[in-house]
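One file, target07.cif, carrying mmCIF, C-alpha atoms:
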```
data_structure
#
loop_
_atom_site.label_atom_id
_atom_site.label_comp_id
_atom_site.auth_asym_id
_atom_site.auth_seq_id
_atom_site.Cartn_x
_atom_site.Cartn_y
_atom_site.Cartn_z
CA MET A 1 -176.15 61.43 -77.91
CA ALA A 2 -175.65 57.84 -76.94
CA LEU A 3 -173.18 57.43 -74.09
CA PHE A 4 -171.89 53.87 -74.49
CA GLU A 5 -171.34 52.93 -78.12
CA ARG A 6 -172.43 53.77 -81.64
CA PHE A 7 -174.83 51.34 -83.29
CA GLU A 8 -173.44 49.57 -86.35
CA ARG A 9 -175.38 46.32 -86.67
CA TRP A 10 -177.48 43.99 -84.53
CA GLN A 11 -175.75 41.48 -82.23
CA ASP A 12 -176.85 38.35 -80.40
CA ALA A 13 -176.33 40.06 -77.02
CA ASP A 14 -179.05 42.60 -77.92
CA PHE A 15 -181.70 39.86 -78.00
CA ASP A 16 -180.28 37.67 -75.21
CA ALA A 17 -180.69 40.55 -72.71
CA PHE A 18 -184.50 40.07 -72.82
CA ALA A 19 -184.65 36.31 -72.21
CA GLU A 20 -187.47 35.26 -69.91
CA PRO A 21 -185.25 34.24 -66.92
CA LYS A 22 -183.83 37.80 -66.88
CA TRP A 23 -187.09 39.74 -66.89
CA ALA A 24 -187.44 40.41 -63.15
CA SER A 25 -183.76 40.34 -62.13
CA ASN A 26 -181.79 43.51 -61.40
CA ARG A 27 -178.59 41.59 -62.03
CA PHE A 28 -179.04 42.06 -65.79
CA ASN A 29 -179.70 45.81 -65.67
CA PRO A 30 -176.27 46.65 -67.22
CA GLU A 31 -177.03 44.40 -70.21
CA ARG A 32 -180.42 46.01 -70.78
CA GLN A 33 -178.97 49.50 -70.30
CA ARG A 34 -176.41 48.78 -73.04
CA VAL A 35 -179.23 47.75 -75.42
CA ARG A 36 -181.16 50.89 -74.43
CA GLU A 37 -178.25 53.13 -75.40
CA ARG A 38 -177.75 51.21 -78.66
CA LEU A 39 -181.42 51.81 -79.56
CA ARG A 40 -180.98 55.49 -78.80
CA SER A 41 -177.92 55.61 -81.06
CA LEU A 42 -179.80 53.78 -83.85
CA LEU A 43 -182.74 56.17 -83.69
CA GLU A 44 -180.46 59.23 -83.58
CA GLN A 45 -178.62 58.07 -86.71
CA ALA A 46 -181.89 57.41 -88.51
CA VAL A 47 -183.21 60.86 -87.55
CA ALA A 48 -179.99 62.39 -88.89
CA LEU A 49 -180.92 60.96 -92.31
CA GLN A 50 -184.48 62.34 -92.03
CA PRO A 51 -184.13 65.48 -89.85
CA GLU A 52 -187.51 66.94 -90.83
CA VAL A 53 -189.32 63.98 -89.25
CA ALA A 54 -188.18 64.76 -85.68
CA ASP A 55 -188.99 68.48 -85.83
CA GLY A 56 -190.99 69.28 -82.69
CA LEU A 57 -190.78 65.70 -81.35
CA GLU A 58 -188.78 64.14 -78.51
CA LEU A 59 -186.79 60.90 -78.36
CA TRP A 60 -187.98 58.72 -75.47
CA THR A 61 -186.73 55.29 -74.32
CA SER A 62 -188.40 52.94 -71.86
CA ARG A 63 -186.74 52.10 -68.55
CA HIS A 64 -184.38 49.12 -68.45
CA GLU A 65 -184.82 48.09 -64.80
CA PRO A 66 -187.83 46.30 -63.24
CA ASN A 67 -190.18 48.88 -61.74
CA PHE A 68 -193.82 49.67 -61.12
CA PHE A 69 -194.49 50.86 -64.68
CA ASN A 70 -193.47 47.55 -66.33
CA GLN A 71 -194.96 45.28 -63.61
CA HIS A 72 -191.40 44.51 -62.41
CA ALA A 73 -190.57 42.54 -65.58
CA VAL A 74 -188.58 44.00 -68.50
CA GLN A 75 -189.85 41.97 -71.45
CA HIS A 76 -188.85 44.44 -74.20
CA GLN A 77 -187.22 47.81 -74.83
CA LEU A 78 -188.71 50.78 -76.73
CA ALA A 79 -187.18 53.80 -78.46
CA LEU A 80 -189.86 56.22 -79.68
CA LEU A 81 -190.50 59.67 -81.14
CA THR A 82 -193.45 61.37 -79.43
CA ARG A 83 -194.61 64.80 -78.22
CA PRO A 84 -192.25 66.66 -75.85
CA ALA A 85 -192.37 66.12 -72.10
CA ALA A 86 -193.62 69.67 -71.44
CA GLN A 87 -196.73 69.05 -73.53
CA ARG A 88 -197.29 65.65 -71.90
CA GLU A 89 -197.11 67.24 -68.44
CA ALA A 90 -199.58 69.93 -69.50
CA LEU A 91 -202.03 67.23 -70.61
CA GLU A 92 -201.48 65.33 -67.37
CA ALA A 93 -202.30 68.47 -65.37
CA ARG A 94 -205.53 68.73 -67.35
CA ASP A 95 -206.39 65.02 -67.20
CA ALA A 96 -204.71 62.88 -64.52
CA THR A 97 -205.24 59.67 -66.52
CA LEU A 98 -202.77 60.82 -69.23
CA SER A 99 -199.48 59.88 -67.65
CA ALA A 100 -196.55 61.98 -68.85
CA THR A 101 -194.04 59.25 -67.96
CA GLN A 102 -195.71 56.58 -70.14
CA PRO A 103 -196.04 57.96 -73.67
CA ASP A 104 -196.11 54.42 -75.06
CA ARG A 105 -199.57 53.96 -73.44
CA TYR A 106 -201.16 57.41 -73.56
CA HIS A 107 -199.66 59.32 -76.53
CA PRO A 108 -199.19 58.64 -80.27
CA HIS A 109 -195.64 57.60 -81.24
CA ILE A 110 -193.40 56.01 -83.87
CA GLY A 111 -190.19 54.06 -83.31
CA LEU A 112 -188.87 50.56 -82.78
CA LYS A 113 -189.22 47.73 -80.27
CA ILE A 114 -186.82 44.89 -79.43
CA ASP A 115 -187.40 41.64 -77.55
CA THR A 116 -185.87 38.20 -77.53
CA SER A 117 -187.65 37.14 -80.75
CA GLY A 118 -186.79 40.05 -83.04
CA ILE A 119 -187.26 43.71 -84.03
CA GLY A 120 -190.49 45.60 -84.64
CA LEU A 121 -191.06 49.01 -86.28
CA VAL A 122 -194.23 50.58 -84.85
CA VAL A 123 -196.54 53.51 -85.51
CA ARG A 124 -199.34 53.61 -82.99
CA VAL A 125 -202.11 55.62 -81.38
CA PRO A 126 -202.82 53.66 -78.16
CA ALA A 127 -206.34 52.81 -77.10
CA GLU A 128 -205.79 54.80 -73.86
CA ALA A 129 -204.81 58.00 -75.72
CA SER A 130 -208.11 59.66 -74.86
CA TYR A 131 -206.92 63.09 -75.96
CA ASP A 132 -205.86 62.19 -79.53
CA LEU A 133 -207.93 59.12 -80.40
CA PRO A 134 -211.36 60.83 -80.86
CA GLU A 135 -209.88 63.41 -83.29
CA LEU A 136 -208.22 61.05 -85.80
CA PRO A 137 -209.02 62.20 -89.38
CA PRO A 138 -210.58 59.60 -91.71
CA GLN A 139 -207.89 60.21 -94.36
CA LEU A 140 -205.26 59.09 -91.88
CA LEU A 141 -206.98 55.76 -91.32
CA GLU A 142 -207.20 55.17 -95.08
CA THR A 143 -203.50 55.90 -95.51
CA ALA A 144 -202.70 53.51 -92.66
CA GLN A 145 -204.67 50.72 -94.33
CA GLU A 146 -202.85 51.32 -97.63
CA LEU A 147 -199.43 51.22 -95.95
CA ALA A 148 -200.31 48.03 -94.07
CA GLY A 149 -201.37 46.40 -97.36
CA MET A 150 -198.04 47.28 -99.00
CA LEU A 151 -196.09 45.85 -96.06
CA GLY A 152 -198.21 42.73 -95.91
CA VAL A 153 -199.27 43.24 -92.28
CA GLU A 154 -202.60 43.77 -90.56
CA ALA A 155 -203.68 47.17 -89.26
CA ALA A 156 -206.09 47.76 -86.40
CA THR A 157 -209.59 48.89 -87.36
CA GLY A 158 -210.73 52.35 -86.22
CA THR A 159 -207.30 53.42 -85.01
CA LEU A 160 -203.70 53.82 -86.17
CA GLU A 161 -201.61 50.80 -85.18
CA ILE A 162 -199.10 49.12 -87.54
CA GLU A 163 -196.08 46.97 -86.64
CA ARG A 164 -193.52 45.63 -89.12
CA ARG A 165 -191.63 42.67 -87.59
CA TRP A 166 -188.23 41.15 -88.41
CA PRO A 167 -187.25 37.80 -86.88
CA ARG A 168 -184.00 37.60 -84.97
CA GLU A 169 -182.10 35.72 -87.69
CA GLN A 170 -183.16 38.18 -90.38
CA ALA A 171 -182.20 41.17 -88.22
CA LEU A 172 -178.72 39.75 -87.55
CA GLN A 173 -178.09 39.36 -91.29
CA ALA A 174 -179.35 42.84 -92.21
CA GLN A 175 -176.67 45.34 -93.26
CA ASP A 176 -178.88 48.42 -93.71
CA SER A 177 -180.82 48.62 -90.42
CA ILE A 178 -180.24 52.38 -90.14
CA GLU A 179 -181.51 53.05 -93.69
CA GLN A 180 -184.59 50.88 -93.14
CA LEU A 181 -185.46 52.72 -89.93
CA ALA A 182 -184.95 56.08 -91.69
CA GLN A 183 -187.29 54.93 -94.46
CA TRP A 184 -189.86 53.88 -91.86
CA LEU A 185 -189.69 57.32 -90.23
CA ALA A 186 -190.16 58.97 -93.61
CA LEU A 187 -193.30 56.88 -94.26
CA THR A 188 -194.89 57.23 -90.80
CA GLY A 189 -193.69 60.71 -89.80
CA PRO A 190 -196.47 62.59 -91.66
CA MET A 191 -199.02 60.14 -90.25
CA LEU A 192 -197.85 60.86 -86.69
CA ARG A 193 -198.19 64.61 -87.19
CA GLN A 194 -201.78 64.16 -88.32
CA ALA A 195 -202.54 62.00 -85.29
CA LEU A 196 -201.04 64.44 -82.73
CA ARG A 197 -203.74 66.83 -81.62
CA PRO A 198 -202.48 70.30 -80.65
CA VAL A 199 -202.17 70.67 -76.89
CA GLY A 200 -203.64 74.18 -76.97
CA ALA A 201 -206.92 73.01 -78.55
CA ASN A 202 -210.00 74.25 -76.72
CA PRO A 203 -212.22 71.56 -75.18
CA THR A 204 -215.79 71.09 -76.38
CA PRO A 205 -217.97 73.83 -74.80
CA ALA A 206 -220.68 72.69 -72.42
CA ALA A 207 -224.36 73.21 -73.21
CA PRO A 208 -225.79 76.45 -71.74
CA GLN A 209 -227.96 76.10 -68.67
CA PRO A 210 -230.65 78.43 -67.39
CA ALA A 211 -229.86 80.79 -64.57
CA ASP A 212 -232.24 78.96 -62.22
CA ALA A 213 -230.43 75.64 -62.65
CA ALA A 214 -227.17 77.03 -61.27
CA ALA A 215 -228.93 78.28 -58.17
CA LEU A 216 -230.81 75.03 -57.57
CA THR A 217 -227.81 72.74 -58.14
CA PRO A 218 -226.13 71.96 -54.80
CA PRO A 219 -222.37 72.48 -54.60
CA PRO A 220 -220.32 69.33 -55.22
CA ALA A 221 -219.01 67.49 -52.18
CA LYS A 222 -215.33 67.87 -51.42
CA THR A 223 -213.62 64.58 -52.17
CA GLN A 224 -210.04 63.55 -52.52
CA ALA A 225 -208.37 63.73 -55.94
CA THR A 226 -208.30 60.59 -58.07
CA ALA A 227 -205.14 58.59 -57.48
CA ARG A 228 -202.85 58.26 -60.48
CA PRO A 229 -201.88 54.77 -61.70
CA TRP A 230 -198.47 54.86 -59.99
CA GLN A 231 -199.73 56.30 -56.70
CA PRO A 232 -200.93 54.19 -53.76
CA TYR A 233 -204.63 53.61 -53.30
CA ARG A 234 -206.60 56.39 -51.67
CA PRO A 235 -210.30 56.17 -50.80
CA GLN A 236 -212.64 58.38 -52.77
CA ALA A 237 -214.93 59.11 -49.82
CA PRO A 238 -214.74 62.60 -48.29
CA ALA A 239 -212.24 62.95 -45.50
CA ALA A 240 -213.66 63.06 -41.99
CA PRO A 241 -213.44 66.49 -40.32
CA ARG A 242 -210.98 66.92 -37.49
CA ARG A 243 -212.60 67.02 -34.07
CA ALA A 244 -211.38 68.67 -30.90
CA PRO A 245 -210.69 66.42 -27.87
CA PRO A 246 -213.78 65.92 -25.71
CA ALA A 247 -212.06 67.23 -22.57
CA GLU A 248 -208.88 68.94 -21.56
CA ARG A 249 -205.83 66.80 -21.16
CA PRO A 250 -205.09 65.97 -17.50
CA SER A 251 -202.16 67.78 -16.00
CA LEU A 252 -199.25 66.15 -14.23
CA GLU A 253 -200.55 67.29 -10.83
CA ARG A 254 -203.81 65.39 -11.36
CA ILE A 255 -202.02 62.17 -12.29
CA LEU A 256 -199.36 62.02 -9.51
CA PRO A 257 -200.25 62.04 -5.80
CA MET A 258 -199.55 65.07 -3.72
CA GLY A 259 -195.83 65.50 -2.90
CA THR A 260 -194.66 62.83 -5.37
CA ARG A 261 -193.84 65.29 -8.13
CA GLN A 262 -191.65 67.40 -5.84
CA LEU A 263 -189.83 64.31 -4.57
CA LEU A 264 -189.08 63.16 -8.13
CA GLN A 265 -187.77 66.57 -9.08
CA GLU A 266 -185.42 66.63 -6.06
CA GLN A 267 -184.07 63.16 -6.89
CA LEU A 268 -183.47 64.20 -10.51
CA ALA A 269 -181.61 67.36 -9.43
CA ALA A 270 -179.45 65.29 -7.06
CA GLU A 271 -178.51 62.88 -9.87
CA VAL A 272 -177.58 65.81 -12.12
CA ARG A 273 -175.35 67.32 -9.43
CA SER A 274 -173.70 63.95 -8.85
CA ASP A 275 -172.94 63.54 -12.58
CA GLU A 276 -171.46 67.03 -12.74
CA ARG A 277 -169.28 66.35 -9.71
CA ARG A 278 -167.91 63.12 -11.22
CA SER A 279 -167.20 64.79 -14.55
CA ASP A 280 -165.33 67.65 -12.85
CA TRP A 281 -162.91 65.26 -11.07
CA ARG A 282 -161.82 63.17 -14.05
CA ASP A 283 -158.05 62.54 -14.34
CA ASP A 284 -157.83 64.10 -17.81
CA ARG A 285 -159.20 67.46 -16.66
CA ARG A 286 -157.59 70.38 -14.93
CA PRO A 287 -159.42 72.71 -12.53
CA ASP A 288 -161.05 75.79 -13.91
CA PRO A 289 -159.14 78.91 -12.72
CA ARG A 290 -162.42 80.78 -12.46
CA ASP A 291 -163.77 78.21 -10.01
CA ASP A 292 -163.67 79.18 -6.30
CA ARG A 293 -163.03 75.61 -5.23
CA ARG A 294 -159.43 74.68 -4.44
CA PRO A 295 -158.11 71.13 -4.83
CA ASP A 296 -156.63 69.29 -1.91
CA PRO A 297 -152.84 69.92 -1.81
CA ARG A 298 -152.33 66.33 -0.65
CA ASP A 299 -153.89 65.03 -3.91
CA SER A 300 -151.04 63.71 -6.10
CA ARG A 301 -153.06 64.25 -9.25
CA TRP A 302 -152.60 68.02 -9.04
CA PRO A 303 -148.96 69.11 -9.47
CA ASP A 304 -147.30 71.64 -7.22
CA ARG A 305 -146.25 74.75 -9.12
CA ARG A 306 -143.20 75.16 -6.88
CA GLN A 307 -141.80 71.79 -7.89
CA GLY A 308 -141.88 72.46 -11.67
CA PRO A 309 -144.19 71.11 -14.32
CA GLY A 310 -146.19 68.04 -13.42
CA PRO A 311 -146.84 64.93 -15.47
CA LEU A 312 -149.97 66.46 -16.99
CA ASP A 313 -148.27 69.68 -18.08
CA PRO A 314 -147.89 69.73 -21.86
CA ARG A 315 -144.47 71.38 -21.40
CA SER A 316 -143.18 68.17 -19.84
CA ALA A 317 -144.04 66.00 -22.87
CA PRO A 318 -141.07 65.07 -25.10
CA ARG A 319 -140.97 66.80 -28.48
CA ASP A 320 -141.49 64.62 -31.50
CA ASP A 321 -139.08 66.24 -33.90
CA ARG A 322 -137.70 64.05 -36.69
CA ARG A 323 -135.01 66.57 -37.51
CA THR A 324 -133.31 65.96 -34.13
CA GLY A 325 -133.45 62.16 -34.40
CA PRO A 326 -130.66 59.84 -35.52
CA GLU A 327 -132.11 59.60 -39.05
CA PRO A 328 -131.05 62.53 -41.25
CA ARG A 329 -133.70 64.55 -43.01
CA ARG A 330 -134.28 63.56 -46.60
CA ASP A 331 -134.49 66.02 -49.44
CA ALA A 332 -138.08 66.78 -50.45
CA HIS A 333 -137.04 67.40 -54.06
CA PRO A 334 -135.03 64.41 -55.31
CA ASP A 335 -133.05 64.60 -58.50
CA SER A 336 -135.43 63.79 -61.36
CA ARG A 337 -132.97 64.14 -64.22
CA THR A 338 -133.20 61.38 -66.83
CA ASP A 339 -129.71 61.80 -68.29
CA ARG A 340 -127.98 60.06 -65.39
CA GLN A 341 -126.17 56.86 -66.17
CA TRP A 342 -127.35 53.65 -64.66
CA GLN A 343 -125.42 52.92 -61.47
CA GLY A 344 -126.68 49.39 -60.92
CA PRO A 345 -129.30 48.18 -58.44
CA PRO A 346 -129.50 49.99 -55.09
CA ARG A 347 -127.42 48.51 -52.33
CA GLY A 348 -129.35 46.04 -50.21
CA ASP A 349 -132.32 45.90 -52.60
CA SER A 350 -132.63 42.40 -54.09
CA ARG A 351 -136.01 42.97 -55.71
CA GLN A 352 -134.55 44.78 -58.75
CA ASP A 353 -132.81 42.65 -61.34
CA TYR A 354 -130.39 44.13 -63.84
CA ARG A 355 -131.76 41.80 -66.52
CA HIS A 356 -135.05 43.73 -66.48
CA ASP A 357 -133.50 47.16 -66.87
CA PRO A 358 -132.74 48.00 -70.53
CA ARG A 359 -130.28 50.71 -69.42
CA ASP A 360 -127.96 48.06 -68.06
CA PRO A 361 -125.27 47.12 -70.63
CA ARG A 362 -125.54 43.54 -69.39
CA HIS A 363 -129.25 43.41 -70.28
CA ASP A 364 -129.98 40.39 -72.47
CA PRO A 365 -133.59 40.09 -73.81
CA ARG A 366 -133.14 36.36 -74.27
CA GLN A 367 -132.73 35.95 -70.50
CA ASP A 368 -135.84 37.99 -69.78
CA PRO A 369 -138.56 35.62 -68.51
CA ARG A 370 -141.14 37.84 -70.19
CA HIS A 371 -139.60 37.09 -73.59
CA ASP A 372 -140.09 33.71 -75.24
CA ALA A 373 -138.35 33.36 -78.61
CA ARG A 374 -140.15 30.10 -79.34
CA ARG A 375 -143.61 31.70 -79.16
CA ASP A 376 -145.21 32.79 -82.40
CA PRO A 377 -146.33 36.43 -82.03
CA ARG A 378 -149.18 35.78 -84.44
CA GLN A 379 -150.80 33.55 -81.81
CA ASP A 380 -150.91 36.42 -79.36
CA ALA A 381 -154.38 37.83 -78.58
CA ARG A 382 -153.15 41.25 -79.63
CA HIS A 383 -152.45 39.87 -83.11
CA ASP A 384 -155.70 37.91 -83.34
CA PRO A 385 -157.41 38.95 -86.60
CA ARG A 386 -160.81 38.43 -84.98
CA SER A 387 -160.05 41.23 -82.49
CA ASP A 388 -159.35 43.67 -85.30
CA PRO A 389 -162.29 46.12 -85.49
CA ARG A 390 -161.83 46.30 -89.24
CA ALA A 391 -162.75 42.61 -89.52
CA ASN A 392 -166.21 43.28 -87.98
CA ALA A 393 -166.87 46.37 -90.08
CA ALA A 394 -169.76 46.26 -92.48
CA PRO A 395 -168.86 45.78 -96.15
CA PRO A 396 -168.81 48.91 -98.32
CA ARG A 397 -172.09 50.06 -99.81
CA PRO A 398 -172.58 49.19 -103.47
CA THR A 399 -172.94 52.02 -105.93
CA ALA A 400 -175.41 52.31 -108.78
CA PRO A 401 -175.68 54.63 -111.78
CA ALA A 402 -177.94 57.66 -111.52
CA VAL A 403 -181.61 57.21 -112.49
CA ALA A 404 -183.47 59.92 -114.39
CA VAL A 405 -186.66 61.51 -113.10
CA GLY A 406 -189.78 59.74 -114.36
CA THR A 407 -188.13 56.35 -114.80
CA GLN A 408 -190.18 53.34 -113.76
CA VAL A 409 -188.17 51.36 -111.20
CA VAL A 410 -188.58 48.39 -108.90
CA LEU A 411 -187.32 48.36 -105.30
CA THR A 412 -184.71 45.65 -104.66
CA ALA A 413 -184.33 46.08 -100.87
CA GLY A 414 -185.84 47.85 -97.93
CA LEU A 415 -189.35 47.75 -96.49
CA LEU A 416 -191.14 47.72 -99.85
CA ALA A 417 -188.83 45.35 -101.69
CA GLY A 418 -190.41 44.11 -104.95
CA LYS A 419 -192.81 47.07 -105.30
CA GLU A 420 -192.83 49.16 -108.50
CA GLY A 421 -192.89 52.93 -108.60
CA ALA A 422 -191.68 56.05 -110.39
CA VAL A 423 -188.70 58.32 -109.62
CA VAL A 424 -189.89 61.86 -108.79
CA ALA A 425 -186.60 63.43 -107.61
CA THR A 426 -182.91 62.63 -107.30
CA GLN A 427 -180.13 63.81 -105.03
CA ALA A 428 -176.63 62.77 -103.95
CA GLY A 429 -176.75 59.01 -103.56
CA LYS A 430 -180.55 58.91 -103.07
CA VAL A 431 -183.73 58.97 -105.16
CA LYS A 432 -187.31 59.81 -104.17
CA VAL A 433 -189.70 57.09 -105.31
CA LYS A 434 -193.49 57.31 -105.43
CA VAL A 435 -195.33 54.04 -104.82
CA GLY A 436 -199.05 54.55 -104.97
CA ALA A 437 -199.83 57.56 -102.77
CA LEU A 438 -196.60 57.29 -100.76
CA GLU A 439 -193.34 59.12 -101.49
CA PHE A 440 -190.09 58.32 -99.72
CA ASP A 441 -186.31 58.47 -100.18
CA VAL A 442 -184.25 55.33 -100.79
CA PRO A 443 -180.56 54.78 -101.64
CA ALA A 444 -179.84 54.74 -105.35
CA PHE A 445 -178.45 51.19 -105.29
CA GLN A 446 -181.80 49.84 -103.96
CA VAL A 447 -183.73 50.65 -107.15
CA LYS A 448 -183.54 49.02 -110.57
CA ALA A 449 -184.89 50.52 -113.77
CA LEU A 450 -187.56 48.47 -115.57
#
```

Hey, can you dump this file as structure tokens for me?
Amino acid sequence: MALFERFERWQDADFDAFAEPKWASNRFNPERQRVRERLRSLLEQAVALQPEVADGLELWTSRHEPNFFNQHAVQHQLALLTRPAAQREALEARDATLSATQPDRYHPHIGLKIDTSGIGLVVRVPAEASYDLPELPPQLLETAQELAGMLGVEAATGTLEIERRWPREQALQAQDSIEQLAQWLALTGPMLRQALRPVGANPTPAAPQPADAAALTPPPAKTQATARPWQPYRPQAPAAPRRAPPAERPSLERILPMGTRQLLQEQLAAEVRSDERRSDWRDDRRPDPRDDRRPDPRDSRWPDRRQGPGPLDPRSAPRDDRRTGPEPRRDAHPDSRTDRQWQGPPRGDSRQDYRHDPRDPRHDPRQDPRHDARRDPRQDARHDPRSDPRANAAPPRPTAPAVAVGTQVVLTAGLLAGKEGAVVATQAGKVKVKVGALEFDVPAFQVKAL
């Protein structure tokens, strides 16, 4: 589910987040992330109205920060229904050009797109979807052309690609964005299932070759794997074999003159012994009782056991005990009862004022600087009617009388507003209308009997 907020209606901030000066700036990532979660919430609510459409599909949203996949410029945001990630990864393992992290470029999908100019509902089989594009059925292309003609938009020739656009002003005034998206999913969901080729389909078998051809064909050269689009460049030429060094590496004796190595080792050992000697005679150390060396009795740093503990003996350090000090020990469990009467401000504490304590019988709210009797409470921000969430709520949905099956109706709102059709089924608050070869569910108040 969406983490930030539930989508209710479009706002100006949703479109301002994709202004051109903000495309390549990470400063506006929180704004774009908020729009991303709102798109996810919108698509989830639309799928809840048409649950059979999302069966076996996965909800995917594009990334909101500049990165390698969007050329470091976030010009729009996508929320799509496409094949699950496990199937995309299986196709990527079979063909490295089918990126599993970019279903908007390599896999068929349906969903919506937002940019600074408006909203777009899309159903698309990309030109780079090499696994699904060659197997598109001809009936699917005919249905796509018929749907594009009803919507008054142009469809791509030879492939499935339709986009229904709403300008920004029209999207801000729309009150039924969730119902329109649900209707779009109902129209394009069956088309997407026909376009998705099963992942387990067997590839086209290769032509048989004679037995002699296999023996005469030389084995292919070992080359590096093809680099994926998001990986750094790697040459396609075969890697050079590793070679052994032409001669043995010279030893230290052959590099240094005779006797120099031994002299260096002796100097290094002398420096190590000198460091150890200095570290043993630091003032903050005491001699090791297991050591055979005895300190000089004339050295004042080493205390004489016959004269009592020395300055370095921990027994001679004063004890830091607060209980023996002049300050008495305080109780760790103070009295937390709330039925005690107010005894006035603590002695010596001038920060507490009796006028601010309501338990004080002398408390007068008129003398409280936080209280202003001349101020109108209706002017307070807490009483501002514009901050009331009920003021921004969408108006209630209109109701319409039930329509009988077989009645000729005309659509008054939605994607196909103005089109005529026939009612084929009814249910609670909705009717199923057939317009041409398409059947879809619409709210009952969006149809009018002829």

Please report as a tab-separated table every residue of stretch 128-213 of chain A lying within 10 Å of stretch 86-101 of chain A, along with the nearest atom pair and their distance in Å (one decimal), using only C-alpha atoms.
```
residue	atom	partner	partner_atom	distance
A:Glu128	CA	A:Leu98	CA	8.2
A:Ala129	CA	A:Leu98	CA	7.4
A:Ser130	CA	A:Leu98	CA	7.8
A:Tyr131	CA	A:Leu98	CA	8.2
A:Pro198	CA	A:Gln87	CA	9.2
A:Val199	CA	A:Gln87	CA	6.6
A:Gly200	CA	A:Gln87	CA	9.3
```

Problem set entry | Non-local contacts of A:Ala444 (6 Å; all atoms listed in the file; under 6 positions in same chain excluded) as a ChimeraX atom specification | /A:429-431

For this session: Just give me the gap between atom CA of A:Ala46 and atom CA of A:Met150 in Å, one decimal is fine.
Result: 21.8 Å

Exercise. Quick one: residues within 12 Å of A:Leu416, all atoms listed in the file counted, chain neighbours fewer than 3 positions away excluded, as JSON, numbers by chain?
Worked result: {"A": [147, 148, 149, 150, 151, 152, 153, 164, 180, 183, 184, 187, 410, 411, 412, 413, 419, 420, 421, 433, 434, 435, 436, 438, 439, 440, 441, 442, 446, 447]}

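Nearest residue to A:Arg34 among A:Trp60, A:Phe7, A:Trp166, A:Phe445 is A:Phe7, counting only C-alpha atoms.
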
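Nearest residue to A:Arg36, choosing from A:Lys22, A:Lys113, A:Arg9, A:Arg83 and counting only C-alpha atoms: A:Lys113.
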
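Each of A:Thr426, A:Ser117, A:Gln145, A:Gln408 was checked against A:Leu172 using all atoms listed in the file; the smallest atom-to-atom distance is that of A:Ser117.
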
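Look at everything within 9 Å of (-184.7, 46.3, -71.0) using only C-alpha atoms, and the residues you get are Ala17, Phe18, Trp23, Phe28, Asn29, Glu31, Arg32, Gln33, Arg34, Val35, Arg36, Ser62, Arg63, His64, Glu65, Pro66, Ala73, Val74, Gln75, His76, Gln77, Leu78, Ile114 and Asp115 of chain A.
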
Draw an axis-aligned box over all listed atoms of stretch 417-423 of chain A, pad each side with 3 Å, and write its centre and edge lengths in Å, one decimal, as lines of an AutoDock Vina configuration file.
```
center_x = -190.8
center_y = 51.2
center_z = -106.0
size_x = 10.2
size_y = 20.2
size_z = 14.7
```

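Atom CA of A:Pro167 is positioned 28.3 Å from atom CA of A:Leu140.
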
Problem set entry | Close residues, A:Pro126 itself excluded, 10 Å, all atoms listed in the file, min 6 positions apart in chain, as JSON, numbers by chain | {"A": [103, 104, 105, 106, 107, 108, 109, 132, 133, 159, 160, 161]}

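Each of A:Leu42, A:Ser25, A:Gly56, A:Phe68 was compared to A:Ala85 using all atoms listed in the file, and A:Gly56 turns out to be the nearest.
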
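The residue that comes closest to A:Ile110, out of A:Arg193, A:Arg40, A:Arg168, A:Asn67 and on the basis of only C-alpha atoms, is A:Arg193.
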
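For the choices A:Ala155, A:Leu81, A:Ala48, A:Leu136, the atom-to-atom distance to A:Gln194 is smallest for A:Leu136 when using only C-alpha atoms.
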
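Atom pair atom CA of A:Leu80 / atom CA of A:Val123 has a distance of 9.3 Å (rounded to one decimal).
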